[in-house]
>>> print(open('data.cif').read())   # mmCIF, C-alpha atoms and all ligand atoms
data_data
#
loop_
_atom_site.label_atom_id
_atom_site.label_comp_id
_atom_site.auth_asym_id
_atom_site.auth_seq_id
_atom_site.Cartn_x
_atom_site.Cartn_y
_atom_site.Cartn_z
CA MET V 1 -7.60 15.62 -9.09
CA ASN V 2 -4.87 17.91 -10.53
CA ASN V 3 -2.60 17.62 -7.52
CA ILE V 4 -2.68 13.89 -7.03
CA ILE V 5 0.23 11.52 -7.64
CA THR V 6 -0.44 7.79 -7.42
CA ILE V 7 2.28 5.23 -6.74
CA ASP V 8 1.27 1.59 -6.91
CA GLY V 9 3.29 -1.61 -6.86
CA PRO V 10 4.07 -4.82 -4.98
CA ALA V 11 5.43 -5.20 -1.43
CA ALA V 12 9.00 -3.97 -0.79
CA SER V 13 9.36 -2.48 -4.26
CA GLY V 14 10.50 0.83 -2.76
CA LYS V 15 7.18 2.55 -3.46
CA GLY V 16 6.62 3.61 0.17
CA THR V 17 10.00 5.30 0.49
CA LEU V 18 9.59 6.93 -2.91
CA ALA V 19 6.05 8.09 -2.18
CA ARG V 20 7.16 9.68 1.10
CA LYS V 21 10.09 11.42 -0.59
CA ILE V 22 7.87 12.76 -3.36
CA ALA V 23 5.28 13.97 -0.84
CA ASP V 24 8.06 15.77 1.09
CA HIS V 25 9.43 17.26 -2.11
CA PHE V 26 6.11 18.86 -3.08
CA ASP V 27 4.89 19.32 0.51
CA TYR V 28 1.91 17.09 -0.30
CA PHE V 29 -0.06 14.86 2.04
CA TYR V 30 1.18 11.27 2.03
CA LEU V 31 -1.46 8.55 2.18
CA ASP V 32 -0.30 4.98 2.69
CA THR V 33 -3.45 3.09 1.66
CA GLY V 34 -1.81 -0.22 2.63
CA LYS V 35 -1.95 0.92 6.24
CA ILE V 36 -5.73 1.17 6.05
CA TYR V 37 -5.86 -2.46 4.86
CA ARG V 38 -3.38 -3.35 7.62
CA LEU V 39 -5.64 -1.69 10.21
CA ILE V 40 -8.62 -3.73 9.01
CA GLY V 41 -6.47 -6.88 8.93
CA LEU V 42 -5.27 -6.37 12.50
CA GLN V 43 -8.77 -5.62 13.74
CA ALA V 44 -10.03 -8.81 12.08
CA HIS V 45 -7.19 -10.75 13.68
CA GLN V 46 -7.92 -9.29 17.12
CA ALA V 47 -11.60 -10.18 16.70
CA LYS V 48 -10.48 -13.73 15.71
CA LEU V 49 -12.23 -13.39 12.35
CA ILE V 50 -11.01 -15.58 9.49
CA PRO V 51 -11.41 -13.23 6.50
CA GLU V 52 -12.14 -16.06 4.04
CA ASP V 53 -14.93 -17.37 6.32
CA ASN V 54 -16.35 -14.04 7.48
CA PRO V 55 -15.91 -11.49 4.69
CA ASP V 56 -19.22 -9.78 5.52
CA ASP V 57 -18.18 -9.17 9.13
CA VAL V 58 -14.82 -7.84 7.93
CA ALA V 59 -16.65 -5.46 5.55
CA ILE V 60 -18.82 -4.17 8.42
CA MET V 61 -15.66 -3.65 10.45
CA ALA V 62 -14.06 -1.77 7.53
CA LYS V 63 -17.14 0.47 7.16
CA THR V 64 -17.08 1.28 10.89
CA LEU V 65 -13.37 2.02 10.68
CA SER V 66 -13.85 4.39 7.76
CA GLN V 67 -16.63 6.23 9.65
CA ASN V 68 -14.45 6.65 12.74
CA PHE V 69 -11.17 7.06 10.93
CA ASP V 70 -8.57 9.31 12.46
CA LEU V 71 -5.04 9.75 11.08
CA THR V 72 -3.40 8.92 14.43
CA MET V 73 -4.60 5.31 13.90
CA MET V 74 -1.91 5.04 11.22
CA ASP V 75 0.84 5.54 13.82
CA ASN V 76 0.33 2.14 15.45
CA PRO V 77 3.75 0.40 15.16
CA GLU V 78 2.05 -3.01 14.94
CA LEU V 79 0.88 -2.06 11.45
CA LYS V 80 4.42 -2.65 10.21
CA SER V 81 4.47 -6.31 11.24
CA ASP V 82 4.43 -9.18 8.78
CA LEU V 83 1.22 -10.42 10.40
CA ALA V 84 -0.49 -7.11 9.61
CA GLY V 85 0.76 -7.33 6.00
CA GLN V 86 -0.52 -10.86 5.53
CA MET V 87 -3.88 -10.04 7.15
CA ALA V 88 -4.16 -6.88 4.99
CA SER V 89 -3.69 -8.94 1.87
CA ARG V 90 -6.32 -11.43 3.04
CA VAL V 91 -8.99 -8.82 3.84
CA GLY V 92 -8.23 -6.92 0.63
CA GLN V 93 -9.43 -9.84 -1.49
CA PHE V 94 -13.06 -8.93 -0.98
CA GLN V 95 -14.80 -6.32 -3.09
CA HIS V 96 -17.16 -5.16 -0.33
CA VAL V 97 -14.23 -4.66 2.05
CA ARG V 98 -12.51 -2.54 -0.61
CA ASP V 99 -15.73 -0.62 -1.32
CA ALA V 100 -16.14 0.17 2.40
CA ILE V 101 -12.97 2.30 2.41
CA LEU V 102 -13.08 3.75 -1.11
CA ASP V 103 -14.81 7.05 -0.21
CA LEU V 104 -12.46 7.59 2.73
CA GLN V 105 -9.39 7.18 0.49
CA ARG V 106 -10.84 9.46 -2.23
CA HIS V 107 -11.79 12.06 0.34
CA LEU V 108 -8.26 12.15 1.79
CA ALA V 109 -6.81 12.46 -1.73
CA VAL V 110 -9.11 15.25 -2.88
CA HIS V 111 -9.21 17.11 0.47
CA PRO V 112 -5.76 16.44 1.91
CA PRO V 113 -5.48 17.14 5.65
CA ALA V 114 -3.32 19.89 7.19
CA ASN V 115 -4.09 22.28 4.32
CA LYS V 116 -1.71 20.43 2.01
CA LYS V 117 -2.10 21.42 -1.64
CA GLY V 118 -1.94 17.90 -2.99
CA ALA V 119 -1.61 14.23 -2.13
CA VAL V 120 0.62 11.29 -2.93
CA LEU V 121 -1.20 7.97 -2.68
CA ASP V 122 0.72 4.74 -2.18
CA GLY V 123 -0.90 1.33 -2.67
CA ARG V 124 -2.11 -1.21 -5.21
CA ASP V 125 -5.14 0.39 -6.85
CA CYS V 126 -4.53 4.12 -6.39
CA GLY V 127 -4.09 4.80 -10.11
CA THR V 128 -6.64 2.25 -11.31
CA VAL V 129 -9.54 2.58 -8.83
CA ILE V 130 -9.11 5.30 -6.20
CA CYS V 131 -7.93 8.15 -8.43
CA PRO V 132 -8.03 7.01 -12.07
CA GLU V 133 -8.03 10.67 -13.15
CA ALA V 134 -4.80 11.57 -11.33
CA PRO V 135 -2.41 13.27 -13.76
CA TYR V 136 0.71 11.45 -12.53
CA LYS V 137 0.73 7.71 -12.04
CA PHE V 138 3.61 5.38 -11.31
CA PHE V 139 3.96 1.65 -10.87
CA VAL V 140 7.08 0.79 -8.88
CA THR V 141 8.29 -2.79 -9.07
CA ALA V 142 11.39 -5.01 -8.62
CA ASP V 143 12.27 -8.71 -8.93
CA GLN V 144 10.72 -10.85 -6.21
CA ASP V 145 14.09 -12.09 -4.78
CA ILE V 146 15.34 -8.55 -4.43
CA ARG V 147 12.14 -7.44 -2.73
CA ALA V 148 12.32 -10.38 -0.31
CA LYS V 149 15.96 -9.52 0.48
CA ARG V 150 14.99 -5.89 1.17
CA ARG V 151 12.15 -6.96 3.45
CA PHE V 152 14.46 -9.46 5.23
CA ASP V 153 17.08 -6.74 5.87
CA GLU V 154 14.37 -4.40 7.14
CA LEU V 155 12.99 -7.00 9.59
CA LYS V 156 16.51 -7.94 10.78
CA LEU V 157 17.28 -4.28 11.40
CA ARG V 158 14.14 -4.10 13.53
CA GLY V 159 15.46 -7.03 15.55
CA ASP V 160 12.98 -9.65 14.29
CA ASP V 161 14.19 -13.24 14.57
CA ILE V 162 13.34 -14.45 11.07
CA ASP V 163 15.11 -16.36 8.29
CA PHE V 164 15.30 -15.40 4.62
CA GLU V 165 13.42 -18.51 3.38
CA THR V 166 10.42 -17.59 5.53
CA VAL V 167 10.42 -14.01 4.26
CA LEU V 168 10.68 -15.22 0.64
CA ALA V 169 7.83 -17.71 1.13
CA ASP V 170 5.65 -14.97 2.68
CA MET V 171 6.48 -12.64 -0.18
CA LYS V 172 5.52 -15.32 -2.74
CA GLU V 173 2.25 -15.99 -0.95
CA ARG V 174 1.37 -12.30 -0.75
CA ASP V 175 2.38 -11.60 -4.39
CA ASP V 176 0.37 -14.57 -5.53
CA ARG V 177 -2.72 -13.30 -3.74
CA ASP V 178 -2.25 -9.63 -4.71
CA PHE V 179 -1.48 -10.25 -8.40
CA ASN V 180 -3.89 -13.10 -9.04
CA ARG V 181 -6.95 -12.23 -6.96
CA SER V 182 -10.12 -11.90 -9.01
CA VAL V 183 -10.98 -8.59 -7.31
CA VAL V 184 -8.77 -5.61 -8.29
CA PRO V 185 -5.54 -7.55 -8.92
CA THR V 186 -2.39 -5.45 -8.52
CA LYS V 187 -1.54 -4.00 -11.92
CA PRO V 188 -0.33 -0.74 -13.42
CA ALA V 189 -2.86 1.75 -14.77
CA ASP V 190 -2.69 1.89 -18.58
CA ASP V 191 -1.12 5.33 -18.38
CA ALA V 192 1.25 4.62 -15.46
CA ILE V 193 5.01 5.05 -15.80
CA ILE V 194 6.76 1.82 -14.77
CA ILE V 195 9.75 2.22 -12.45
CA ASP V 196 11.75 -1.00 -12.02
CA THR V 197 13.98 -0.57 -8.97
CA THR V 198 15.72 -3.99 -9.25
CA ASN V 199 18.99 -2.35 -10.27
CA MET V 200 18.24 1.20 -9.23
CA SER V 201 18.88 3.10 -6.02
CA ILE V 202 16.09 5.02 -4.33
CA ASP V 203 17.78 8.29 -5.34
CA GLN V 204 17.95 7.22 -8.99
CA ALA V 205 14.29 6.18 -8.98
CA PHE V 206 13.31 9.40 -7.19
CA SER V 207 15.01 11.68 -9.73
CA LYS V 208 13.50 9.71 -12.63
CA MET V 209 10.05 10.19 -11.12
CA ILE V 210 10.54 13.87 -10.28
CA LYS V 211 11.69 14.54 -13.86
CA SER V 212 8.48 13.11 -15.24
CA ILE V 213 6.38 15.26 -12.90
CA ASP V 214 8.12 18.62 -13.25
O1 LIG E 1 1.51 -1.82 0.80
P1 LIG E 1 1.34 -2.76 1.96
O2 LIG E 1 2.34 -3.87 2.00
O3 LIG E 1 1.24 -2.05 3.27
O4 LIG E 1 -0.10 -3.44 1.71
C1 LIG E 1 -0.56 -4.51 2.51
C2 LIG E 1 -1.58 -5.31 1.70
O5 LIG E 1 -2.78 -4.53 1.57
C3 LIG E 1 -1.16 -5.64 0.28
O6 LIG E 1 -0.47 -6.88 0.23
C4 LIG E 1 -2.48 -5.67 -0.48
O7 LIG E 1 -3.06 -6.95 -0.45
C5 LIG E 1 -3.39 -4.75 0.30
N1 LIG E 1 -3.59 -3.46 -0.36
C6 LIG E 1 -4.55 -3.39 -1.34
N2 LIG E 1 -4.82 -2.20 -1.95
C7 LIG E 1 -4.15 -1.08 -1.60
C8 LIG E 1 -3.14 -1.15 -0.61
C9 LIG E 1 -2.88 -2.37 -0.02
O8 LIG E 1 -5.17 -4.40 -1.69
N3 LIG E 1 -4.44 0.08 -2.18
#
>>> encode(input="data.cif", output="structure tokens", more="lines below")
Ligand code: C5P
Amino acid sequence: MNNIITIDGPAASGKGTLARKIADHFDYFYLDTGKIYRLIGLQAHQAKLIPEDNPDDVAIMAKTLSQNFDLTMMDNPELKSDLAGQMASRVGQFQHVRDAILDLQRHLAVHPPANKKGAVLDGRDCGTVICPEAPYKFFVTADQDIRAKRRFDELKLRGDDIDFETVLADMKERDDRDFNRSVVPTKPADDAIIIDTTNMSIDQAFSKMIKSID
């Protein structure tokens, strides 16, 4: 696990952008674990499964997905939608759903594809559950209002017809579920470095993180 960097944190904290930049910097494989939850969430939605009513069926779906997983699945643009994010957060509440994709995530971290020499994992439990022995762990966060504003700007840029109040309400709902769920609530690993990006640019956060790795 020597060449693994974990970056956890809440939605729209900047962790995805930072994780990608750090992976580019070291030429490491970038694994967005949220996208795996989004894939399961979208599949559940397409199958008209209500995660809270059918967690066992969702877990079977997650197991099948992990057995047939292929990286090109992560390119589906629908994974970026708010619906996929909400569904991801709903399916991720169940321990057996999480367990179904644990080996896949560990495998990709320890044996990164494309002969990369290391991996950067981005998610909620990368430093606490997936790779607790990773030598470099970060928890990237920011105030909720700021994160909602960033997400709103991102959706507007994409051309989505959405108002800020709706984005803020969705963010509150997702934070509430992710931070307060009984199963693997979002939290920093004990040895994670906390990066608060509320008043920090991506470049400032990036150089702070790189300094603590080099
Ligand atoms: O990071 P992203 O917004 O894509 O994650 C979508 C949802 O997937 C999160 O709100 C969270 O509930 C879930 N998730 C998780 N564990 C991870 C990554 C994502 O529970 N490692």
>>> atom_distance(input="data.cif", atom1="CA of Ile195 (chain V)", atom2="CA of Ile146 (chain V)")
14.5 Å
>>> residues_near_ligand(input="data.cif", ligand="ligand LIG 1 (chain E)", cutoff="6 Å", atoms="only C-alpha atoms and all ligand atoms", output="MDAnalysis selection string")
chainID V and resid 11 33:35 37:38 85 88:89 92 123:126 174 178
>>> closest_residue(input="data.cif", among="V:Asp160, V:Asp24, V:Glu173, V:Glu133", to="Ala189 (chain V)", atoms="only C-alpha atoms")
V:Glu133
>>> closest_residue(input="data.cif", among="V:Asn3, V:Ser81, V:Asn54, V:Ser182", to="Leu39 (chain V)", atoms="all atoms listed in the file")
V:Ser81
>>> residues_around(input="data.cif", residues="Tyr136 (chain V)", least_positions_apart="2", cutoff="8 Å", atoms="all atoms listed in the file", output="compact mmCIF listing (two decimals) with C-alpha atoms, in the frame of the given file")
# COMPACT_ATOMS: atom_id res chain seq x y z
CA ILE V 4 -2.68 13.89 -7.03
CA ILE V 5 0.23 11.52 -7.64
CA THR V 6 -0.44 7.79 -7.42
CA ALA V 134 -4.80 11.57 -11.33
CA PHE V 138 3.61 5.38 -11.31
CA ALA V 192 1.25 4.62 -15.46
CA ILE V 213 6.38 15.26 -12.90
>>> atom_distance(input="data.cif", atom1="CA of Asp56 (chain V)", atom2="CA of Met73 (chain V)")
22.6 Å
>>> atom_distance(input="data.cif", atom1="CA of Asp99 (chain V)", atom2="CA of Pro10 (chain V)")
20.6 Å
>>> residues_around(input="data.cif", residues="Arg20 (chain V)", least_positions_apart="4", cutoff="12 Å", atoms="all atoms listed in the file", output="PDB file with C-alpha atoms, in the coordinates of the input")
ATOM      1  CA  ILE V   5       0.230  11.520  -7.640  1.00  0.00           C
ATOM      2  CA  THR V   6      -0.440   7.790  -7.420  1.00  0.00           C
ATOM      3  CA  ILE V   7       2.280   5.230  -6.740  1.00  0.00           C
ATOM      4  CA  GLY V  14      10.500   0.830  -2.760  1.00  0.00           C
ATOM      5  CA  LYS V  15       7.180   2.550  -3.460  1.00  0.00           C
ATOM      6  CA  GLY V  16       6.620   3.610   0.170  1.00  0.00           C
ATOM      7  CA  ASP V  24       8.060  15.770   1.090  1.00  0.00           C
ATOM      8  CA  HIS V  25       9.430  17.260  -2.110  1.00  0.00           C
ATOM      9  CA  PHE V  26       6.110  18.860  -3.080  1.00  0.00           C
ATOM     10  CA  ASP V  27       4.890  19.320   0.510  1.00  0.00           C
ATOM     11  CA  TYR V  28       1.910  17.090  -0.300  1.00  0.00           C
ATOM     12  CA  PHE V  29      -0.060  14.860   2.040  1.00  0.00           C
ATOM     13  CA  TYR V  30       1.180  11.270   2.030  1.00  0.00           C
ATOM     14  CA  LEU V  31      -1.460   8.550   2.180  1.00  0.00           C
ATOM     15  CA  ASP V  32      -0.300   4.980   2.690  1.00  0.00           C
ATOM     16  CA  ALA V 119      -1.610  14.230  -2.130  1.00  0.00           C
ATOM     17  CA  VAL V 120       0.620  11.290  -2.930  1.00  0.00           C
ATOM     18  CA  LEU V 121      -1.200   7.970  -2.680  1.00  0.00           C
ATOM     19  CA  ASP V 122       0.720   4.740  -2.180  1.00  0.00           C
ATOM     20  CA  ILE V 202      16.090   5.020  -4.330  1.00  0.00           C
ATOM     21  CA  PHE V 206      13.310   9.400  -7.190  1.00  0.00           C
TER      22      PHE V 206
END
>>> closest_residue(input="data.cif", among="V:Asn199, V:Arg98, V:Asp175, V:Val183", to="Ile60 (chain V)", atoms="all atoms listed in the file")
V:Arg98
>>> residues_around(input="data.cif", residues="Ile130 (chain V)", least_positions_apart="2", cutoff="7 Å", atoms="all atoms listed in the file", output="mmCIF file with C-alpha atoms, keeping the file's coordinate frame")
data_model
loop_
_atom_site.group_PDB
_atom_site.id
_atom_site.type_symbol
_atom_site.label_atom_id
_atom_site.label_comp_id
_atom_site.auth_asym_id
_atom_site.auth_seq_id
_atom_site.Cartn_x
_atom_site.Cartn_y
_atom_site.Cartn_z
ATOM 1 C CA LEU V 102 -13.080 3.750 -1.110
ATOM 2 C CA GLN V 105 -9.390 7.180 0.490
ATOM 3 C CA ARG V 106 -10.840 9.460 -2.230
ATOM 4 C CA ASP V 125 -5.140 0.390 -6.850
ATOM 5 C CA CYS V 126 -4.530 4.120 -6.390
ATOM 6 C CA GLY V 127 -4.090 4.800 -10.110
ATOM 7 C CA THR V 128 -6.640 2.250 -11.310
ATOM 8 C CA PRO V 132 -8.030 7.010 -12.070
#
>>> residues_around(input="data.cif", residues="Gln67 (chain V)", least_positions_apart="5", cutoff="10 Å", atoms="only C-alpha atoms", output="list in words")
Met61, Ala62, Ala100, Ile101 and Leu104 of chain V
>>> closest_residue(input="data.cif", among="V:Arg150, V:Lys116, V:Val97, V:Leu155", to="Thr64 (chain V)", atoms="all atoms listed in the file")
V:Val97
>>> residues_around(input="data.cif", residues="Arg147 (chain V)", least_positions_apart="3", cutoff="10 Å", atoms="all atoms listed in the file", output="PyMOL selection string")
chain V and resi 10-14+141-144+150-153+167-168+171+197-198
